[in-house]
file target_31.cif (mmCIF, C-alpha atoms and all ligand atoms)
data_structure
loop_
_atom_site.label_atom_id
_atom_site.label_comp_id
_atom_site.auth_asym_id
_atom_site.auth_seq_id
_atom_site.Cartn_x
_atom_site.Cartn_y
_atom_site.Cartn_z
CA MET A 1 105.30 83.82 78.73
CA LYS A 2 103.95 87.11 77.29
CA THR A 3 103.57 87.82 73.59
CA PHE A 4 103.55 91.25 71.95
CA GLN A 5 102.75 92.16 68.33
CA VAL A 6 104.15 94.79 66.00
CA LYS A 7 102.43 95.30 62.65
CA GLY A 8 104.99 96.83 60.32
CA GLN A 9 104.59 98.19 56.80
CA GLN A 10 106.16 95.05 55.35
CA GLY A 11 105.11 92.40 57.79
CA SER A 12 104.29 91.67 61.38
CA SER A 13 106.41 90.56 64.26
CA SER A 14 105.47 88.62 67.38
CA ILE A 15 107.79 89.00 70.34
CA HIS A 16 107.69 86.18 72.89
CA VAL A 17 109.11 87.13 76.29
CA GLY A 18 109.91 84.11 78.45
CA GLU A 19 109.89 81.62 75.55
CA HIS A 20 112.82 79.20 75.22
CA LEU A 21 115.45 78.54 72.56
CA SER A 22 114.45 74.86 72.64
CA ASN A 23 110.94 75.76 71.39
CA THR A 24 112.17 77.76 68.36
CA GLY A 25 110.99 75.03 66.00
CA THR A 26 107.37 75.90 66.85
CA TYR A 27 107.79 79.30 65.21
CA LEU A 28 109.67 78.21 62.08
CA PRO A 29 107.82 77.65 58.81
CA VAL A 30 106.76 74.01 58.46
CA GLY A 31 109.10 71.90 56.33
CA VAL A 32 111.79 74.59 56.00
CA THR A 33 115.26 74.00 57.46
CA PRO A 34 116.50 77.35 58.79
CA ILE A 35 119.92 78.80 58.05
CA ILE A 36 121.22 79.83 61.47
CA ILE A 37 123.52 82.82 61.89
CA THR A 38 125.11 83.32 65.30
CA ASP A 39 128.37 84.39 66.92
CA GLU A 40 131.20 82.18 68.15
CA ASN A 41 130.36 82.65 71.86
CA ILE A 42 126.68 81.79 71.50
CA LYS A 43 127.47 78.78 69.34
CA ALA A 44 129.93 77.47 71.93
CA LEU A 45 127.44 77.97 74.77
CA TYR A 46 124.16 76.94 73.17
CA GLY A 47 124.95 75.32 69.80
CA GLU A 48 123.66 71.94 70.97
CA LYS A 49 120.20 73.40 71.59
CA PHE A 50 119.90 75.09 68.18
CA PRO A 51 117.23 73.81 65.81
CA LYS A 52 118.61 71.61 63.04
CA GLY A 53 120.15 73.52 60.13
CA PRO A 54 123.45 74.85 58.76
CA VAL A 55 125.14 77.28 61.16
CA LEU A 56 127.12 80.31 60.00
CA THR A 57 129.15 82.18 62.60
CA ILE A 58 130.43 85.72 62.81
CA GLY A 59 132.89 87.24 65.28
CA THR A 60 131.95 89.38 68.26
CA GLY A 61 132.15 93.10 69.00
CA GLU A 62 130.82 96.26 67.35
CA ASN A 63 133.80 96.31 64.96
CA ILE A 64 132.39 93.39 62.96
CA LYS A 65 129.11 95.27 62.26
CA THR A 66 130.32 96.15 58.77
CA LEU A 67 129.39 95.75 55.12
CA ALA A 68 132.35 93.35 54.82
CA THR A 69 130.64 90.96 57.29
CA VAL A 70 127.39 91.36 55.37
CA GLU A 71 129.10 90.51 52.08
CA GLU A 72 130.78 87.47 53.62
CA LEU A 73 127.43 86.17 54.87
CA LEU A 74 125.70 86.81 51.54
CA GLU A 75 128.38 84.76 49.79
CA LYS A 76 127.92 81.93 52.27
CA LEU A 77 124.16 81.98 51.68
CA ILE A 78 124.80 81.66 47.95
CA ALA A 79 127.23 78.78 48.61
CA LEU A 80 124.47 77.05 50.60
CA SER A 81 122.12 77.47 47.60
CA CYS A 82 119.62 79.48 49.65
CA ASP A 83 116.62 80.69 47.71
CA ARG A 84 113.53 82.83 48.25
CA GLY A 85 111.97 80.01 50.26
CA SER A 86 114.80 80.02 52.81
CA PHE A 87 114.36 81.14 56.40
CA ILE A 88 117.21 82.83 58.27
CA LEU A 89 117.35 82.53 62.04
CA GLY A 90 119.62 84.94 63.93
CA ILE A 91 120.60 83.71 67.39
CA GLY A 92 122.54 86.26 69.41
CA GLY A 93 122.72 89.74 70.85
CA GLY A 94 122.13 93.07 69.14
CA ILE A 95 125.13 92.82 66.82
CA VAL A 96 123.96 89.47 65.44
CA THR A 97 120.31 90.56 65.10
CA ASP A 98 121.21 93.91 63.46
CA ILE A 99 123.41 92.14 60.88
CA VAL A 100 121.13 89.15 60.29
CA GLY A 101 118.03 91.32 59.83
CA PHE A 102 119.89 93.36 57.23
CA VAL A 103 121.35 90.34 55.41
CA ALA A 104 117.92 88.63 55.29
CA SER A 105 116.29 91.86 54.04
CA ILE A 106 118.65 92.34 51.10
CA PHE A 107 119.44 88.73 50.08
CA LEU A 108 117.38 88.05 46.94
CA ARG A 109 115.54 91.30 47.82
CA GLY A 110 114.37 89.76 51.06
CA VAL A 111 113.83 86.36 52.64
CA ARG A 112 111.92 85.44 55.79
CA PHE A 113 113.75 85.77 59.10
CA GLY A 114 113.38 85.60 62.89
CA PHE A 115 115.52 86.00 66.00
CA VAL A 116 116.37 84.31 69.25
CA SER A 117 117.58 87.27 71.25
CA THR A 118 120.23 86.33 73.80
CA SER A 119 121.45 89.51 75.55
CA LEU A 120 119.45 91.76 77.87
CA LEU A 121 120.18 94.73 75.63
CA ALA A 122 118.90 92.94 72.54
CA GLN A 123 115.80 91.60 74.31
CA VAL A 124 114.68 95.00 75.58
CA ASP A 125 115.76 97.08 72.59
CA ALA A 126 117.95 96.04 69.65
CA SER A 127 116.11 92.93 68.42
CA VAL A 128 112.64 94.49 68.74
CA GLY A 129 111.27 97.05 66.29
CA GLY A 130 112.69 96.14 62.91
CA LYS A 131 115.75 98.38 62.69
CA ASN A 132 118.44 96.32 60.97
CA GLY A 133 121.77 97.54 59.66
CA VAL A 134 125.48 98.05 60.03
CA ASN A 135 128.01 100.80 60.68
CA LEU A 136 129.85 102.55 57.86
CA SER A 137 133.38 103.76 58.60
CA ALA A 138 132.99 106.13 61.54
CA PHE A 139 129.19 106.28 61.35
CA LYS A 140 126.99 104.09 63.56
CA ASN A 141 124.05 102.21 61.99
CA MET A 142 124.42 104.34 58.88
CA VAL A 143 123.26 101.67 56.39
CA GLY A 144 120.16 99.61 56.98
CA VAL A 145 116.45 98.94 56.58
CA PHE A 146 113.25 98.92 58.58
CA ASN A 147 111.93 95.37 58.34
CA GLN A 148 110.23 93.36 61.07
CA PRO A 149 111.48 89.86 61.96
CA GLU A 150 108.61 87.32 61.89
CA PHE A 151 109.31 86.48 65.52
CA VAL A 152 111.64 87.37 68.35
CA ILE A 153 112.18 84.87 71.16
CA CYS A 154 113.44 86.51 74.36
CA ASP A 155 114.76 83.55 76.35
CA ILE A 156 115.33 84.90 79.87
CA ASP A 157 117.32 81.78 80.87
CA MET A 158 120.01 82.61 78.30
CA LEU A 159 120.86 85.80 80.23
CA GLU A 160 122.50 83.66 82.93
CA THR A 161 125.71 83.28 80.90
CA LEU A 162 126.14 87.02 80.30
CA PRO A 163 128.96 88.92 82.02
CA LYS A 164 127.73 91.28 84.78
CA THR A 165 128.71 94.32 82.69
CA GLU A 166 126.30 93.15 79.98
CA ILE A 167 123.44 92.99 82.50
CA SER A 168 124.16 96.60 83.46
CA ASN A 169 124.30 97.57 79.78
CA GLY A 170 120.82 96.13 79.24
CA LEU A 171 119.47 97.73 82.42
CA ALA A 172 120.48 101.13 81.01
CA GLU A 173 117.96 100.72 78.16
CA ILE A 174 115.29 99.55 80.63
CA VAL A 175 115.88 102.69 82.72
CA LYS A 176 115.52 104.68 79.49
CA HIS A 177 112.08 103.15 78.89
CA GLY A 178 111.05 104.08 82.44
CA LEU A 179 112.34 107.64 82.08
CA ILE A 180 110.57 108.37 78.82
CA TYR A 181 107.28 106.49 79.31
CA ASP A 182 106.74 104.78 82.61
CA ALA A 183 107.43 106.28 86.04
CA ALA A 184 106.08 103.08 87.68
CA LEU A 185 108.72 101.01 85.87
CA LEU A 186 111.37 103.40 87.17
CA SER A 187 110.18 102.98 90.76
CA PHE A 188 110.04 99.21 90.29
CA ILE A 189 113.73 99.16 89.25
CA GLU A 190 114.64 101.37 92.23
CA ASP A 191 112.83 98.98 94.57
CA ASN A 192 114.38 95.84 93.07
CA LEU A 193 117.96 96.82 92.27
CA GLN A 194 119.73 93.75 93.61
CA LYS A 195 117.11 91.40 92.22
CA ALA A 196 117.54 92.97 88.79
CA LEU A 197 121.34 92.78 88.94
CA ASN A 198 121.16 89.16 90.14
CA LEU A 199 118.70 88.22 87.38
CA ASP A 200 115.93 87.18 89.75
CA GLN A 201 113.52 85.42 87.35
CA ASP A 202 110.29 87.28 88.19
CA THR A 203 112.02 90.66 88.32
CA ILE A 204 113.85 90.27 85.04
CA PHE A 205 110.75 88.87 83.34
CA ARG A 206 108.78 91.97 84.36
CA LEU A 207 111.59 94.31 83.25
CA VAL A 208 111.92 92.68 79.84
CA ALA A 209 108.16 92.38 79.33
CA ASP A 210 107.49 96.01 80.33
CA SER A 211 110.27 97.21 78.03
CA VAL A 212 109.01 95.15 75.09
CA ALA A 213 105.45 96.39 75.78
CA ILE A 214 106.66 100.00 75.58
CA LYS A 215 108.87 99.48 72.57
CA SER A 216 106.33 97.51 70.54
CA ARG A 217 103.63 100.13 71.27
CA VAL A 218 105.88 102.95 70.07
CA VAL A 219 107.06 101.09 66.96
CA GLN A 220 103.45 100.27 66.13
CA LEU A 221 102.67 104.00 66.22
CA ASP A 222 105.71 105.15 64.27
CA GLU A 223 107.76 102.38 62.67
CA ARG A 224 109.82 104.74 60.49
CA GLU A 225 110.76 107.18 63.25
CA ALA A 226 108.98 110.24 61.94
CA GLY A 227 107.68 111.30 65.36
CA GLU A 228 106.97 109.25 68.50
CA ARG A 229 109.79 106.73 67.96
CA ARG A 230 112.32 109.55 68.25
CA LYS A 231 111.71 109.43 72.00
CA LEU A 232 113.50 106.05 72.09
CA ASN A 233 116.67 107.96 71.26
CA PHE A 234 116.72 109.54 74.74
CA GLY A 235 120.35 109.64 75.86
CA HIS A 236 121.54 108.36 72.48
CA THR A 237 122.71 111.52 70.67
CA ILE A 238 125.45 112.29 73.18
CA GLY A 239 125.58 108.56 74.10
CA HIS A 240 126.49 107.54 70.55
CA GLY A 241 129.24 110.18 70.55
CA ILE A 242 130.62 108.68 73.77
CA GLU A 243 130.32 105.13 72.41
CA LYS A 244 132.37 106.14 69.38
CA LEU A 245 135.08 107.64 71.58
CA ASP A 246 135.15 104.42 73.60
CA GLN A 247 135.46 102.30 70.48
CA GLU A 248 138.09 104.48 68.91
CA LYS A 249 139.87 104.61 72.31
CA LEU A 250 140.08 108.36 71.97
CA HIS A 251 139.99 109.07 75.67
CA GLN A 252 141.47 107.71 78.85
CA GLN A 253 139.40 104.56 79.23
CA LYS A 254 138.75 103.03 82.63
CA PRO A 255 138.68 99.22 82.65
CA GLY A 256 135.27 97.89 81.66
CA HIS A 257 134.02 101.28 80.50
CA THR A 258 132.76 100.31 77.09
CA GLY A 259 129.47 99.16 75.68
CA HIS A 260 126.31 100.71 74.33
CA GLY A 261 124.44 100.74 77.65
CA ARG A 262 127.29 102.41 79.51
CA ALA A 263 127.52 105.13 76.84
CA VAL A 264 123.72 105.58 76.96
CA SER A 265 123.94 105.90 80.76
CA LEU A 266 126.26 108.90 80.36
CA GLY A 267 124.12 110.22 77.51
CA MET A 268 121.04 110.03 79.75
CA VAL A 269 122.79 111.86 82.59
CA ALA A 270 123.75 114.60 80.11
CA ALA A 271 120.25 114.74 78.58
CA ALA A 272 118.72 114.97 82.07
CA MET A 273 121.06 117.86 82.92
CA PHE A 274 120.15 119.54 79.63
CA SER A 275 116.43 119.10 80.48
CA LYS A 276 117.09 120.72 83.84
CA LYS A 277 118.95 123.60 82.18
CA LYS A 278 115.86 124.16 79.99
CA GLY A 279 113.70 124.33 83.13
CA MET A 280 111.82 121.08 82.43
CA ILE A 281 112.92 118.98 85.42
CA ALA A 282 114.48 119.74 88.82
CA GLN A 283 117.96 118.98 90.17
CA THR A 284 116.33 116.39 92.48
CA ASP A 285 115.15 114.53 89.35
CA VAL A 286 118.67 114.59 87.88
CA ASP A 287 120.04 113.31 91.20
CA ARG A 288 117.46 110.50 91.28
CA ILE A 289 118.52 109.40 87.79
CA THR A 290 122.25 109.43 88.55
CA THR A 291 121.73 107.56 91.84
CA LEU A 292 119.74 104.86 90.04
CA LEU A 293 122.28 104.46 87.22
CA LYS A 294 125.16 104.32 89.71
CA SER A 295 123.36 101.62 91.71
CA LEU A 296 123.14 99.60 88.50
CA ASN A 297 126.94 99.84 88.13
CA LEU A 298 126.63 102.25 85.23
CA PRO A 299 128.93 105.28 84.80
CA VAL A 300 127.61 108.78 85.55
CA GLU A 301 130.75 110.95 85.57
CA LEU A 302 130.98 113.13 82.47
CA ASP A 303 134.78 112.88 82.30
CA TYR A 304 135.11 113.06 78.53
CA LYS A 305 136.54 115.90 76.44
CA ALA A 306 133.74 118.17 75.22
CA ASP A 307 135.37 118.85 71.82
CA GLN A 308 135.71 115.14 71.09
CA ILE A 309 132.07 114.45 71.97
CA ILE A 310 130.94 117.36 69.82
CA GLU A 311 132.85 115.84 66.89
CA THR A 312 131.59 112.25 67.32
CA ALA A 313 128.00 113.28 68.23
CA SER A 314 127.82 115.30 65.00
CA ARG A 315 128.05 112.03 63.03
CA ASP A 316 124.48 111.22 64.06
CA LYS A 317 122.33 110.10 61.15
CA LYS A 318 119.30 111.90 62.62
CA LYS A 319 120.94 115.23 61.97
CA GLN A 320 119.05 117.66 59.73
CA GLY A 321 121.36 120.40 58.47
CA ASN A 322 122.30 122.57 61.43
CA ASN A 323 119.51 121.10 63.55
CA LEU A 324 118.76 117.87 65.34
CA TYR A 325 115.90 116.34 67.28
CA PHE A 326 116.93 116.18 70.92
CA VAL A 327 114.96 114.15 73.46
CA PHE A 328 114.36 115.95 76.77
CA LEU A 329 112.53 114.88 79.93
CA GLU A 330 109.48 116.91 80.96
CA ALA A 331 109.14 114.78 84.07
CA LEU A 332 110.38 111.34 85.13
CA GLY A 333 108.24 109.15 82.90
CA THR A 334 107.54 111.74 80.18
CA ALA A 335 109.76 112.71 77.24
CA ARG A 336 109.56 115.67 74.86
CA VAL A 337 111.31 115.90 71.48
CA GLU A 338 112.50 119.34 70.38
CA LYS A 339 114.23 120.40 67.22
CA ILE A 340 117.23 122.41 68.38
CA ARG A 341 120.32 123.88 66.76
CA TYR A 342 123.54 121.87 66.95
CA ALA A 343 125.16 125.00 68.30
CA GLU A 344 122.82 124.91 71.30
CA MET A 345 123.65 121.28 72.08
CA ASN A 346 127.36 121.92 71.61
CA GLU A 347 127.25 124.89 73.99
CA PHE A 348 125.55 122.65 76.56
CA ILE A 349 128.17 119.88 76.04
CA ARG A 350 130.95 122.44 76.64
CA SER A 351 129.28 123.51 79.87
CA VAL A 352 129.15 120.02 81.44
CA PHE A 353 132.00 117.95 79.95
CA THR A 354 135.69 118.64 80.62
N1 LIG A 401 116.77 101.82 69.63
C1 LIG A 401 115.86 102.83 69.22
C2 LIG A 401 114.85 102.37 68.24
O1 LIG A 401 114.74 101.19 67.97
O2 LIG A 401 114.12 103.17 67.71
#
call {"tool": "encode", "arguments": {"input": "target_31.cif", "output": "structure tokens"}}
result
Amino acid sequence: MKTFQVKGQQGSSSIHVGEHLSNTGTYLPVGVTPIIITDENIKALYGEKFPKGPVLTIGTGENIKTLATVEELLEKLIALSCDRGSFILGIGGGIVTDIVGFVASIFLRGVRFGFVSTSLLAQVDASVGGKNGVNLSAFKNMVGVFNQPEFVICDIDMLETLPKTEISNGLAEIVKHGLIYDAALLSFIEDNLQKALNLDQDTIFRLVADSVAIKSRVVQLDEREAGERRKLNFGHTIGHGIEKLDQEKLHQQKPGHTGHGRAVSLGMVAAAMFSKKKGMIAQTDVDRITTLLKSLNLPVELDYKADQIIETASRDKKKQGNNLYFVFLEALGTARVEKIRYAEMNEFIRSVFT
């Protein structure tokens, strides 16, 4: 097991990679019965191993990441007579941890909370770093707070029950970490593709631990995303636009072509091409990235309508007037954030999408 720390403005978080769901009790406050919030799938698969406590369930899928779900949970917490001494434990993937972190942060102006993170995507990204929130109408993660969970347990064994597409989705965020900070991590993935896809224990432990090491270091430097943390959005500006189109089924969808990681894969291909256009990296670097993503069963073909992406990408909450911060690659393993005009990004999108 490896443990990483993040000291946030309103509390600290310890992230335990390789710890197990069955040991969660060790991290809970003594004498407090946790209120557990999970989704229906996780409860069916692992409910018997949960620590003792009332269990509230939510549905699955990005569409339930809404204020309506938050309100429903808040009412259930009131019905359970929760008070400021309560502890809320979120057990699930990124949707569960995003919602639970937000609910715990606003209920009674904030109660203690922690996570058992069950998907690869949540373990390497969503559950780490203290961003909690929900979508609002067409806008992704538009309402939320920065607030660190007391602990995050990344139980590698729980990844075994994930569908293969979910493993690829998580690997997309691991590739992102390699591209923006760690060329050695990138080479390690390239050298261990099948082991990663087959969830070989040592390989996946290293991938999750290296990702959490990178993410916790960055969040420690810049919790509120005023500078360094922006680099974690590599591939996400265009990627979020694509994810929205997938969710709203606004384009010809191929079977299985949905999910955050898949959208980020396409967003990273586009951002790499944009970096090349700006003279920062070479075509051989772009090719290396697309080959790697393809080998991880992630999409790389930019077969989306440019005008639709321009519309959905403009809903980004990081937008500042006519400008946005776009994350480029200076080299494989090094990112650079530049404030550019929307018009420049849109012109680029028109040049590479259909
Ligand atoms: N997923 C990007 C961040 O946490 O900042």
call {"tool": "residues_near_ligand", "arguments": {"input": "target_31.cif", "ligand": "ligand LIG 401 (chain A)", "cutoff": "9 Å", "atoms": "all atoms listed in the file", "output": "list in words"}}
result
Asp125, Ala126, Ser127, Val128, Gly129, Gly130, Lys131, Glu173, Lys215, Val218, Val219, Glu223, Arg224, Glu225, Arg229, Arg230, Lys231, Leu232, Asn233, Phe234 and His236 of chain A
call {"tool": "residues_near_point", "arguments": {"input": "target_31.cif", "point": "(110.7, 91.8, 92.3)", "cutoff": "12 Å", "atoms": "all atoms listed in the file", "output": "ChimeraX atom specification"}}
result
/A:185,187-207
call {"tool": "closest_residue", "arguments": {"input": "target_31.cif", "among": "A:Asp182, A:Glu166, A:Asp285, A:Glu228", "to": "Ala213 (chain A)", "atoms": "only C-alpha atoms"}}
result
A:Asp182
call {"tool": "atom_distance", "arguments": {"input": "target_31.cif", "atom1": "CA of Leu298 (chain A)", "atom2": "CA of Met273 (chain A)"}}
result
16.7 Å
call {"tool": "atom_distance", "arguments": {"input": "target_31.cif", "atom1": "CA of Arg217 (chain A)", "atom2": "CA of Val124 (chain A)"}}
result
12.9 Å
call {"tool": "residues_around", "arguments": {"input": "target_31.cif", "residues": "Asp157 (chain A)", "least_positions_apart": "3", "cutoff": "10 Å", "atoms": "all atoms listed in the file", "output": "PyMOL selection string"}}
result
chain A and resi 18-21+118+154+160-161+199+201+205
call {"tool": "residues_around", "arguments": {"input": "target_31.cif", "residues": "Val55 (chain A)", "least_positions_apart": "6", "cutoff": "8 Å", "atoms": "only C-alpha atoms", "output": "mmCIF file with C-alpha atoms, in the frame of the given file"}}
result
data_model
loop_
_atom_site.group_PDB
_atom_site.id
_atom_site.type_symbol
_atom_site.label_atom_id
_atom_site.label_comp_id
_atom_site.auth_asym_id
_atom_site.auth_seq_id
_atom_site.Cartn_x
_atom_site.Cartn_y
_atom_site.Cartn_z
ATOM 1 C CA ILE A 35 119.920 78.800 58.050
ATOM 2 C CA ILE A 36 121.220 79.830 61.470
ATOM 3 C CA ILE A 37 123.520 82.820 61.890
ATOM 4 C CA THR A 38 125.110 83.320 65.300
#
call {"tool": "atom_distance", "arguments": {"input": "target_31.cif", "atom1": "CA of Lys49 (chain A)", "atom2": "CA of His16 (chain A)"}}
result
17.9 Å
call {"tool": "closest_residue", "arguments": {"input": "target_31.cif", "among": "A:Lys317, A:His177, A:Lys76, A:His240", "to": "Val212 (chain A)", "atoms": "all atoms listed in the file"}}
result
A:His177
call {"tool": "residues_around", "arguments": {"input": "target_31.cif", "residues": "region 178-181 of chain A", "least_positions_apart": "4", "cutoff": "6 Å", "atoms": "all atoms listed in the file", "output": "NGL selection string"}}
result
:A and (185-186 or 332-335)
call {"tool": "closest_residue", "arguments": {"input": "target_31.cif", "among": "A:Lys176, A:Arg350, A:Arg288, A:Arg109", "to": "Asp210 (chain A)", "atoms": "all atoms listed in the file"}}
result
A:Lys176
call {"tool": "closest_residue", "arguments": {"input": "target_31.cif", "among": "A:Leu28, A:Leu121, A:Ile15, A:Met158", "to": "Leu45 (chain A)", "atoms": "all atoms listed in the file"}}
result
A:Met158
call {"tool": "residues_around", "arguments": {"input": "target_31.cif", "residues": "Thr66 (chain A)", "least_positions_apart": "2", "cutoff": "6 Å", "atoms": "only C-alpha atoms", "output": "list of chain:residue names"}}
result
A:Ile64, A:Ala68, A:Thr69, A:Val134, A:Asn135
call {"tool": "closest_residue", "arguments": {"input": "target_31.cif", "among": "A:Val103, A:Ala122, A:Ala226, A:Leu245", "to": "Val337 (chain A)", "atoms": "all atoms listed in the file"}}
result
A:Ala226
call {"tool": "decode", "arguments": {"input": "target_31.cif", "residues": "region 188-205 of chain A", "atoms": "N, CA, C and O atoms", "output": "PDB file, in the first residue's frame"}}
result
ATOM      1  N   PHE A 188       6.270   3.560 -19.547  1.00  0.00           N
ATOM      2  CA  PHE A 188       5.866   2.374 -18.782  1.00  0.00           C
ATOM      3  C   PHE A 188       4.538   1.822 -19.317  1.00  0.00           C
ATOM      4  O   PHE A 188       4.373   0.619 -19.474  1.00  0.00           O
ATOM      5  N   ILE A 189       3.593   2.716 -19.617  1.00  0.00           N
ATOM      6  CA  ILE A 189       2.298   2.241 -20.163  1.00  0.00           C
ATOM      7  C   ILE A 189       2.547   1.568 -21.516  1.00  0.00           C
ATOM      8  O   ILE A 189       2.031   0.486 -21.790  1.00  0.00           O
ATOM      9  N   GLU A 190       3.369   2.227 -22.352  1.00  0.00           N
ATOM     10  CA  GLU A 190       3.641   1.659 -23.690  1.00  0.00           C
ATOM     11  C   GLU A 190       4.258   0.263 -23.578  1.00  0.00           C
ATOM     12  O   GLU A 190       3.956  -0.617 -24.370  1.00  0.00           O
ATOM     13  N   ASP A 191       5.095   0.078 -22.573  1.00  0.00           N
ATOM     14  CA  ASP A 191       5.778  -1.220 -22.419  1.00  0.00           C
ATOM     15  C   ASP A 191       4.909  -2.275 -21.738  1.00  0.00           C
ATOM     16  O   ASP A 191       5.308  -3.437 -21.666  1.00  0.00           O
ATOM     17  N   ASN A 192       3.786  -1.870 -21.178  1.00  0.00           N
ATOM     18  CA  ASN A 192       2.972  -2.814 -20.392  1.00  0.00           C
ATOM     19  C   ASN A 192       1.493  -2.750 -20.759  1.00  0.00           C
ATOM     20  O   ASN A 192       0.616  -2.885 -19.904  1.00  0.00           O
ATOM     21  N   LEU A 193       1.236  -2.551 -22.070  1.00  0.00           N
ATOM     22  CA  LEU A 193      -0.143  -2.345 -22.518  1.00  0.00           C
ATOM     23  C   LEU A 193      -1.094  -3.473 -22.117  1.00  0.00           C
ATOM     24  O   LEU A 193      -2.141  -3.223 -21.507  1.00  0.00           O
ATOM     25  N   GLN A 194      -0.708  -4.696 -22.448  1.00  0.00           N
ATOM     26  CA  GLN A 194      -1.619  -5.817 -22.170  1.00  0.00           C
ATOM     27  C   GLN A 194      -1.779  -6.020 -20.673  1.00  0.00           C
ATOM     28  O   GLN A 194      -2.878  -6.293 -20.188  1.00  0.00           O
ATOM     29  N   LYS A 195      -0.682  -5.862 -19.948  1.00  0.00           N
ATOM     30  CA  LYS A 195      -0.772  -6.018 -18.494  1.00  0.00           C
ATOM     31  C   LYS A 195      -1.722  -4.976 -17.899  1.00  0.00           C
ATOM     32  O   LYS A 195      -2.501  -5.275 -16.998  1.00  0.00           O
ATOM     33  N   ALA A 196      -1.654  -3.768 -18.422  1.00  0.00           N
ATOM     34  CA  ALA A 196      -2.542  -2.713 -17.914  1.00  0.00           C
ATOM     35  C   ALA A 196      -3.994  -3.060 -18.233  1.00  0.00           C
ATOM     36  O   ALA A 196      -4.868  -2.998 -17.368  1.00  0.00           O
ATOM     37  N   LEU A 197      -4.239  -3.456 -19.492  1.00  0.00           N
ATOM     38  CA  LEU A 197      -5.614  -3.766 -19.900  1.00  0.00           C
ATOM     39  C   LEU A 197      -6.161  -4.984 -19.152  1.00  0.00           C
ATOM     40  O   LEU A 197      -7.355  -5.078 -18.894  1.00  0.00           O
ATOM     41  N   ASN A 198      -5.266  -5.906 -18.798  1.00  0.00           N
ATOM     42  CA  ASN A 198      -5.708  -7.117 -18.082  1.00  0.00           C
ATOM     43  C   ASN A 198      -5.663  -6.957 -16.564  1.00  0.00           C
ATOM     44  O   ASN A 198      -5.805  -7.929 -15.836  1.00  0.00           O
ATOM     45  N   LEU A 199      -5.399  -5.743 -16.114  1.00  0.00           N
ATOM     46  CA  LEU A 199      -5.368  -5.434 -14.676  1.00  0.00           C
ATOM     47  C   LEU A 199      -4.351  -6.278 -13.905  1.00  0.00           C
ATOM     48  O   LEU A 199      -4.617  -6.714 -12.779  1.00  0.00           O
ATOM     49  N   ASP A 200      -3.190  -6.502 -14.521  1.00  0.00           N
ATOM     50  CA  ASP A 200      -2.114  -7.164 -13.777  1.00  0.00           C
ATOM     51  C   ASP A 200      -1.852  -6.334 -12.496  1.00  0.00           C
ATOM     52  O   ASP A 200      -1.665  -5.111 -12.566  1.00  0.00           O
ATOM     53  N   GLN A 201      -1.855  -7.007 -11.361  1.00  0.00           N
ATOM     54  CA  GLN A 201      -1.828  -6.319 -10.055  1.00  0.00           C
ATOM     55  C   GLN A 201      -0.685  -5.303  -9.908  1.00  0.00           C
ATOM     56  O   GLN A 201      -0.924  -4.156  -9.537  1.00  0.00           O
ATOM     57  N   ASP A 202       0.554  -5.745 -10.190  1.00  0.00           N
ATOM     58  CA  ASP A 202       1.705  -4.845  -9.993  1.00  0.00           C
ATOM     59  C   ASP A 202       1.637  -3.660 -10.944  1.00  0.00           C
ATOM     60  O   ASP A 202       1.956  -2.521 -10.577  1.00  0.00           O
ATOM     61  N   THR A 203       1.227  -3.954 -12.184  1.00  0.00           N
ATOM     62  CA  THR A 203       1.169  -2.886 -13.198  1.00  0.00           C
ATOM     63  C   THR A 203       0.119  -1.848 -12.811  1.00  0.00           C
ATOM     64  O   THR A 203       0.387  -0.639 -12.813  1.00  0.00           O
ATOM     65  N   ILE A 204      -1.057  -2.324 -12.451  1.00  0.00           N
ATOM     66  CA  ILE A 204      -2.139  -1.382 -12.165  1.00  0.00           C
ATOM     67  C   ILE A 204      -1.853  -0.622 -10.869  1.00  0.00           C
ATOM     68  O   ILE A 204      -2.143   0.571 -10.756  1.00  0.00           O
ATOM     69  N   PHE A 205      -1.209  -1.298  -9.919  1.00  0.00           N
ATOM     70  CA  PHE A 205      -0.837  -0.598  -8.681  1.00  0.00           C
ATOM     71  C   PHE A 205       0.101   0.561  -9.017  1.00  0.00           C
ATOM     72  O   PHE A 205      -0.089   1.682  -8.556  1.00  0.00           O
TER      73      PHE A 205
END
